[in-house]
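Colleague: Here it is, the structure, as structure tokens.
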Amino acid sequence: MAVNAEQAEDWNGASGREFIEQRERHEQMLGRLRARLLAAAAIQDGEYVLDVGCGCGETTILAARAAGSGHALGADFSRIQVAEARRLAAAAGVANARFEVADVQVHPFGAGVFDVALSSFGVMFFDDPAVALGNLRKALRRGGRLAFVCWRTRAENPVFTTGFDAAAAILGLREMPGPGAAFSLADTARAGALLSGAGFGGMEFVKADEPMLIGRDVDDVLAYERTSPTATEILTGLSPAQGDELTRQVRDRLMTYASPGGVVMPGAAWLVTAQAV
């Protein structure tokens with residue numbers, strides 16, 4: 001059963017394919033933030049863990065290893081990413097990780113099944129976050145732990161403001177991008193109210209600021225940006241001259257973050273922890 005139809009369509013389509021193709025890049029980008037998430041989750045041997053919006057399963061696999069004699073379930077409504085997650089877990093020999101195509105907002109996990117629920121940037125996309133968090137609370141035992149990372153504002157994260165969509169808006173070729181679903185939990189007052197209403201207590205919001213290595217050099221990142229679904233859509237509707245100017249604008253923006261070690265941008269997230277009450 002799925003209710004987040006628009007998101008499911010996107011993550012089973014262009015966005016999901018891009019994440020699979022760029023999986024290793026995204027791992028290096030988010031590795032420091034994922035490490036902080038796992039440290040905050042403090043998974044113990046024998047615990048049952050739910051990874052929300054597991055994508056290609058990297059966090060689930062790490063959680064399964066930490067759980068030892070327990071197990072980790074990765075849930076995502078992207079069939080293509082779940083298939084990739086299963087492949088990666090099998091290749092890594094992690095037998096206590098399993099994956100399910102599921103819309104966490106409504107999936108019947110059962111009551112009090114999990115000790116820990118965690119998510120690496122997978123909790124921001126629900127049509128009804130109150131219902132989704134309520135379903136997560138039901139799946140956790142009393143006293144169970146919730147830990148997730150979510151983006152702070154777009155303005156604090158240049159990875160979202162240096163690409164083709166923002167450059168096209170500056171050139172007057174399209175409207176400036178709105179806040180978007182990725183930033184739906186950036187407001188801690190709203191996120192805290194949602195968590196409290198769903199039956200969580202002891203909420204803590206910690207600023208997680210970590211450098212993100214986007215690519216080895218500007219040309220590498222520019223090629224990555226050009227192949228994104230958004231850039232493909234924009235460039236298709238432009239003349240060659242407009243496309244060249246837009247590409248130059250993006251290149252100039254990326255140069256700001258270039259260094260001998262690669263293109264590195266600051267990443268600004270919330271590391272959120274709470275307890276099921």
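Numbering starts fresh at 1 for the residues of each chain in the structure tokens, the chains themselves are lettered A, B, ... in the order given, and ligands are numbered from 1 as they appear.
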Where does DSSP see strand (DSSP E) in segment 2-183 of chain A, if you list the residues as number ranges by chain?

Modeller: A: 48-52, 71-76, 97-101, 114-120, 140-151

Colleague: Now that the selection is made, can you save its residues with C-alpha atoms as an mmCIF file, in the first residue's frame?

Modeller:
data_model
loop_
_atom_site.group_PDB
_atom_site.id
_atom_site.type_symbol
_atom_site.label_atom_id
_atom_site.label_comp_id
_atom_site.auth_asym_id
_atom_site.auth_seq_id
_atom_site.Cartn_x
_atom_site.Cartn_y
_atom_site.Cartn_z
ATOM 1 C CA TYR A 48 16.025 -4.737 15.745
ATOM 2 C CA VAL A 49 16.480 -1.677 13.565
ATOM 3 C CA LEU A 50 14.268 0.006 10.959
ATOM 4 C CA ASP A 51 15.945 2.201 8.323
ATOM 5 C CA VAL A 52 13.389 4.638 6.877
ATOM 6 C CA HIS A 71 18.769 -7.446 12.348
ATOM 7 C CA ALA A 72 18.042 -4.358 10.270
ATOM 8 C CA LEU A 73 15.146 -3.788 7.872
ATOM 9 C CA GLY A 74 15.500 -1.180 5.155
ATOM 10 C CA ALA A 75 12.191 0.195 3.854
ATOM 11 C CA ASP A 76 11.756 2.372 0.784
ATOM 12 C CA ALA A 97 19.957 -7.005 6.641
ATOM 13 C CA ARG A 98 16.785 -7.306 4.618
ATOM 14 C CA PHE A 99 14.861 -4.865 2.490
ATOM 15 C CA GLU A 100 11.217 -4.265 1.723
ATOM 16 C CA VAL A 101 9.412 -2.092 -0.805
ATOM 17 C CA PHE A 114 11.767 -2.333 16.583
ATOM 18 C CA ASP A 115 14.225 -1.041 19.166
ATOM 19 C CA VAL A 116 15.586 1.669 16.895
ATOM 20 C CA ALA A 117 14.312 3.594 13.882
ATOM 21 C CA LEU A 118 16.793 5.703 11.948
ATOM 22 C CA SER A 119 16.940 7.543 8.662
ATOM 23 C CA SER A 120 19.600 9.202 6.555
ATOM 24 C CA LEU A 140 8.850 1.121 17.990
ATOM 25 C CA ARG A 141 8.697 -0.454 21.427
ATOM 26 C CA ARG A 142 8.086 1.902 24.347
ATOM 27 C CA GLY A 143 11.418 3.504 25.103
ATOM 28 C CA GLY A 144 12.648 2.774 21.585
ATOM 29 C CA ARG A 145 14.917 5.292 19.920
ATOM 30 C CA LEU A 146 14.465 7.437 16.828
ATOM 31 C CA ALA A 147 17.454 9.086 15.126
ATOM 32 C CA PHE A 148 17.554 10.829 11.776
ATOM 33 C CA VAL A 149 19.385 13.457 9.787
ATOM 34 C CA CYS A 150 17.487 15.934 7.642
ATOM 35 C CA TRP A 151 18.558 19.028 5.751
#

Colleague: For Glu204 of chain A, work out the shell of residues within 7 Å, counting only C-alpha atoms and skipping chain neighbours fewer than 5 positions away, then give it as a short mmCIF file (atom, residue, chain, number, x, y, z; two decimals) with all heavy atoms, in the first residue's frame.

Modeller:
data_model
loop_
_atom_site.label_atom_id
_atom_site.label_comp_id
_atom_site.auth_asym_id
_atom_site.auth_seq_id
_atom_site.Cartn_x
_atom_site.Cartn_y
_atom_site.Cartn_z
N VAL A 272 18.67 14.63 14.60
CA VAL A 272 17.51 14.63 15.50
C VAL A 272 17.43 13.28 16.22
O VAL A 272 17.51 12.23 15.59
CB VAL A 272 16.21 14.86 14.71
CG1 VAL A 272 15.01 14.96 15.66
CG2 VAL A 272 16.33 16.13 13.86
N THR A 273 17.26 13.34 17.53
CA THR A 273 17.04 12.12 18.31
C THR A 273 15.80 12.31 19.17
O THR A 273 15.47 13.41 19.60
CB THR A 273 18.25 11.79 19.21
OG1 THR A 273 18.57 12.94 20.02
CG2 THR A 273 19.47 11.41 18.36
N ALA A 274 15.10 11.21 19.43
CA ALA A 274 13.90 11.24 20.26
C ALA A 274 13.66 9.82 20.79
O ALA A 274 14.29 8.85 20.35
CB ALA A 274 12.70 11.71 19.44
#

Colleague: Give me, please, the distance in Å between atom CA of Ile214 of chain A and atom CA of Val159 of chain A, quoted to one decimal.

Modeller: 8.2 Å

Colleague: Segment 26-237 of chain A: which residues are helix (DSSP H, G or I) by DSSP, as a VMD selection string?

Modeller: chain A and resid 26 to 41 58 to 67 79 to 92 129 to 139 154 to 156 158 to 160 164 to 170 181 to 183 188 to 198 218 to 226 229 to 236

Colleague: Since we have the selection now, will you write its residues out, keeping C-alpha atoms, as a short mmCIF file (atom, residue, chain, number, x, y, z; two decimals), in the first residue's frame?

Modeller:
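Okay, this is what ended up in out_36.cif:
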data_model
loop_
_atom_site.label_atom_id
_atom_site.label_comp_id
_atom_site.auth_asym_id
_atom_site.auth_seq_id
_atom_site.Cartn_x
_atom_site.Cartn_y
_atom_site.Cartn_z
CA HIS A 26 26.62 10.23 -2.69
CA GLU A 27 28.36 7.91 -0.23
CA GLN A 28 31.44 10.12 -0.19
CA MET A 29 29.28 13.24 0.04
CA LEU A 30 27.23 12.05 3.00
CA GLY A 31 29.65 9.71 4.75
CA ARG A 32 30.49 12.04 7.63
CA LEU A 33 26.83 12.82 8.31
CA ARG A 34 25.92 9.12 8.14
CA ALA A 35 28.65 8.33 10.67
CA ARG A 36 27.21 10.91 13.06
CA LEU A 37 23.74 9.42 12.60
CA LEU A 38 24.91 5.91 13.46
CA ALA A 39 26.82 7.17 16.48
CA ALA A 40 23.67 8.93 17.74
CA ALA A 41 21.53 5.82 17.14
CA GLU A 58 24.22 1.71 2.77
CA THR A 59 22.90 2.82 6.17
CA THR A 60 20.90 -0.39 6.61
CA ILE A 61 24.00 -2.50 6.02
CA LEU A 62 25.99 -0.53 8.58
CA ALA A 63 23.11 -0.76 11.05
CA ALA A 64 22.89 -4.53 10.54
CA ARG A 65 26.59 -4.90 11.28
CA ALA A 66 26.17 -2.86 14.46
CA ALA A 67 23.16 -4.96 15.49
CA ARG A 79 11.59 -0.67 -6.08
CA ILE A 80 14.72 -0.03 -8.12
CA GLN A 81 16.74 1.19 -5.14
CA VAL A 82 15.56 -1.69 -2.95
CA ALA A 83 16.75 -4.11 -5.64
CA GLU A 84 20.16 -2.40 -5.58
CA ALA A 85 20.21 -2.54 -1.77
CA ARG A 86 19.58 -6.29 -1.81
CA ARG A 87 22.40 -6.74 -4.30
CA LEU A 88 24.83 -4.70 -2.23
CA ALA A 89 23.96 -6.50 1.02
CA ALA A 90 24.44 -9.89 -0.63
CA ALA A 91 27.76 -8.79 -2.12
CA ALA A 92 28.89 -7.59 1.33
CA PRO A 129 4.39 13.54 8.11
CA ALA A 130 2.16 13.41 11.20
CA VAL A 131 0.68 10.10 10.07
CA ALA A 132 4.09 8.78 9.01
CA LEU A 133 5.72 9.61 12.34
CA GLY A 134 2.73 8.11 14.14
CA ASN A 135 3.23 4.89 12.21
CA LEU A 136 6.92 4.91 13.14
CA ARG A 137 6.03 5.39 16.79
CA LYS A 138 3.70 2.41 16.63
CA ALA A 139 6.46 0.26 15.13
CA ARG A 154 18.46 25.44 1.18
CA ALA A 155 20.48 28.62 1.77
CA GLU A 156 22.78 26.76 4.18
CA PRO A 158 25.21 25.23 -1.48
CA VAL A 159 24.92 21.79 -3.07
CA PHE A 160 21.30 22.82 -3.70
CA PHE A 164 21.51 24.39 -13.16
CA ASP A 165 18.10 25.16 -11.66
CA ALA A 166 19.38 28.03 -9.51
CA ALA A 167 21.62 29.38 -12.29
CA ALA A 168 18.71 29.26 -14.75
CA ALA A 169 16.59 31.27 -12.31
CA ILE A 170 19.29 33.93 -11.98
CA ALA A 181 10.22 18.55 0.11
CA ALA A 182 13.86 17.96 1.04
CA PHE A 183 13.63 20.89 3.48
CA THR A 188 12.71 22.68 14.33
CA ALA A 189 9.53 24.08 15.89
CA ARG A 190 7.41 22.34 13.26
CA ALA A 191 9.47 19.13 13.41
CA GLY A 192 9.33 19.09 17.20
CA ALA A 193 5.56 19.53 17.20
CA LEU A 194 5.17 16.69 14.71
CA LEU A 195 7.33 14.38 16.82
CA SER A 196 5.54 15.27 20.04
CA GLY A 197 2.15 14.76 18.43
CA ALA A 198 3.23 11.34 17.17
CA VAL A 218 35.04 21.15 -11.26
CA ASP A 219 34.73 19.23 -14.54
CA ASP A 220 33.72 16.09 -12.66
CA VAL A 221 31.04 17.92 -10.67
CA LEU A 222 29.84 19.82 -13.73
CA ALA A 223 29.31 16.52 -15.56
CA TYR A 224 27.43 15.20 -12.52
CA GLU A 225 25.23 18.30 -12.41
CA ARG A 226 24.53 18.15 -16.16
CA PRO A 229 16.99 15.10 -14.13
CA THR A 230 16.48 18.81 -13.41
CA ALA A 231 19.43 19.92 -15.55
CA THR A 232 18.39 17.62 -18.39
CA GLU A 233 14.90 19.15 -18.37
CA ILE A 234 16.26 22.71 -18.34
CA LEU A 235 18.91 22.23 -21.01
CA THR A 236 16.49 20.48 -23.37
#

Colleague: For segment 248-255 of chain A, list every protein, DNA or RNA residue within 6 Å, evaluated using only C-alpha atoms, and leave out those in the same chain fewer than 2 positions away; present the list as a compact mmCIF listing (two decimals) with N, CA and C atoms, in the first residue's frame.

Modeller:
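The resulting file, selection-v4.txt, is reproduced below:
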# COMPACT_ATOMS: atom_id res chain seq x y z
N THR A 162 23.92 25.72 -6.31
CA THR A 162 24.97 25.97 -7.30
C THR A 162 24.70 25.27 -8.62
N GLY A 163 23.59 24.54 -8.72
CA GLY A 163 23.31 23.76 -9.92
C GLY A 163 22.58 24.53 -11.00
N GLU A 245 25.88 29.45 -21.94
CA GLU A 245 25.94 30.48 -20.91
C GLU A 245 25.54 29.92 -19.54
N LEU A 246 24.53 29.08 -19.53
CA LEU A 246 24.09 28.48 -18.27
C LEU A 246 25.19 27.59 -17.69
N TYR A 257 34.18 26.52 -4.71
CA TYR A 257 34.38 25.43 -3.76
C TYR A 257 35.50 24.47 -4.17
N ALA A 258 36.22 24.83 -5.22
CA ALA A 258 37.30 23.97 -5.72
C ALA A 258 38.53 24.10 -4.84

Colleague: For a quick check of understanding, using only C-alpha atoms, which of A:Gly122, A:Asp217, A:Asp209, A:Val3 has the smallest distance to Leu185 of chain A?

Modeller: A:Gly122

Colleague: As an exercise, work out the distance from atom CA of Glu47 of chain A to atom CA of Pro108 of chain A in Å and give it to one decimal place.

Modeller: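 Answer for the atom CA of Glu47 of chain A to atom CA of Pro108 of chain A separation: 19.6 Å.
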
Colleague: So what do you get for atom CA of Asn157 of chain A versus atom CA of Asp128 of chain A, distance-wise?

Modeller: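 If I compute the distance from atom CA of Asn157 of chain A to atom CA of Asp128 of chain A, I get 24.8 Å.
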
Colleague: Using only C-alpha atoms, which of the listed residues (A:Thr227, A:Ser69, A:Gln105, A:Ser184) sits closest to Ala14 of chain A?

Modeller: A:Thr227
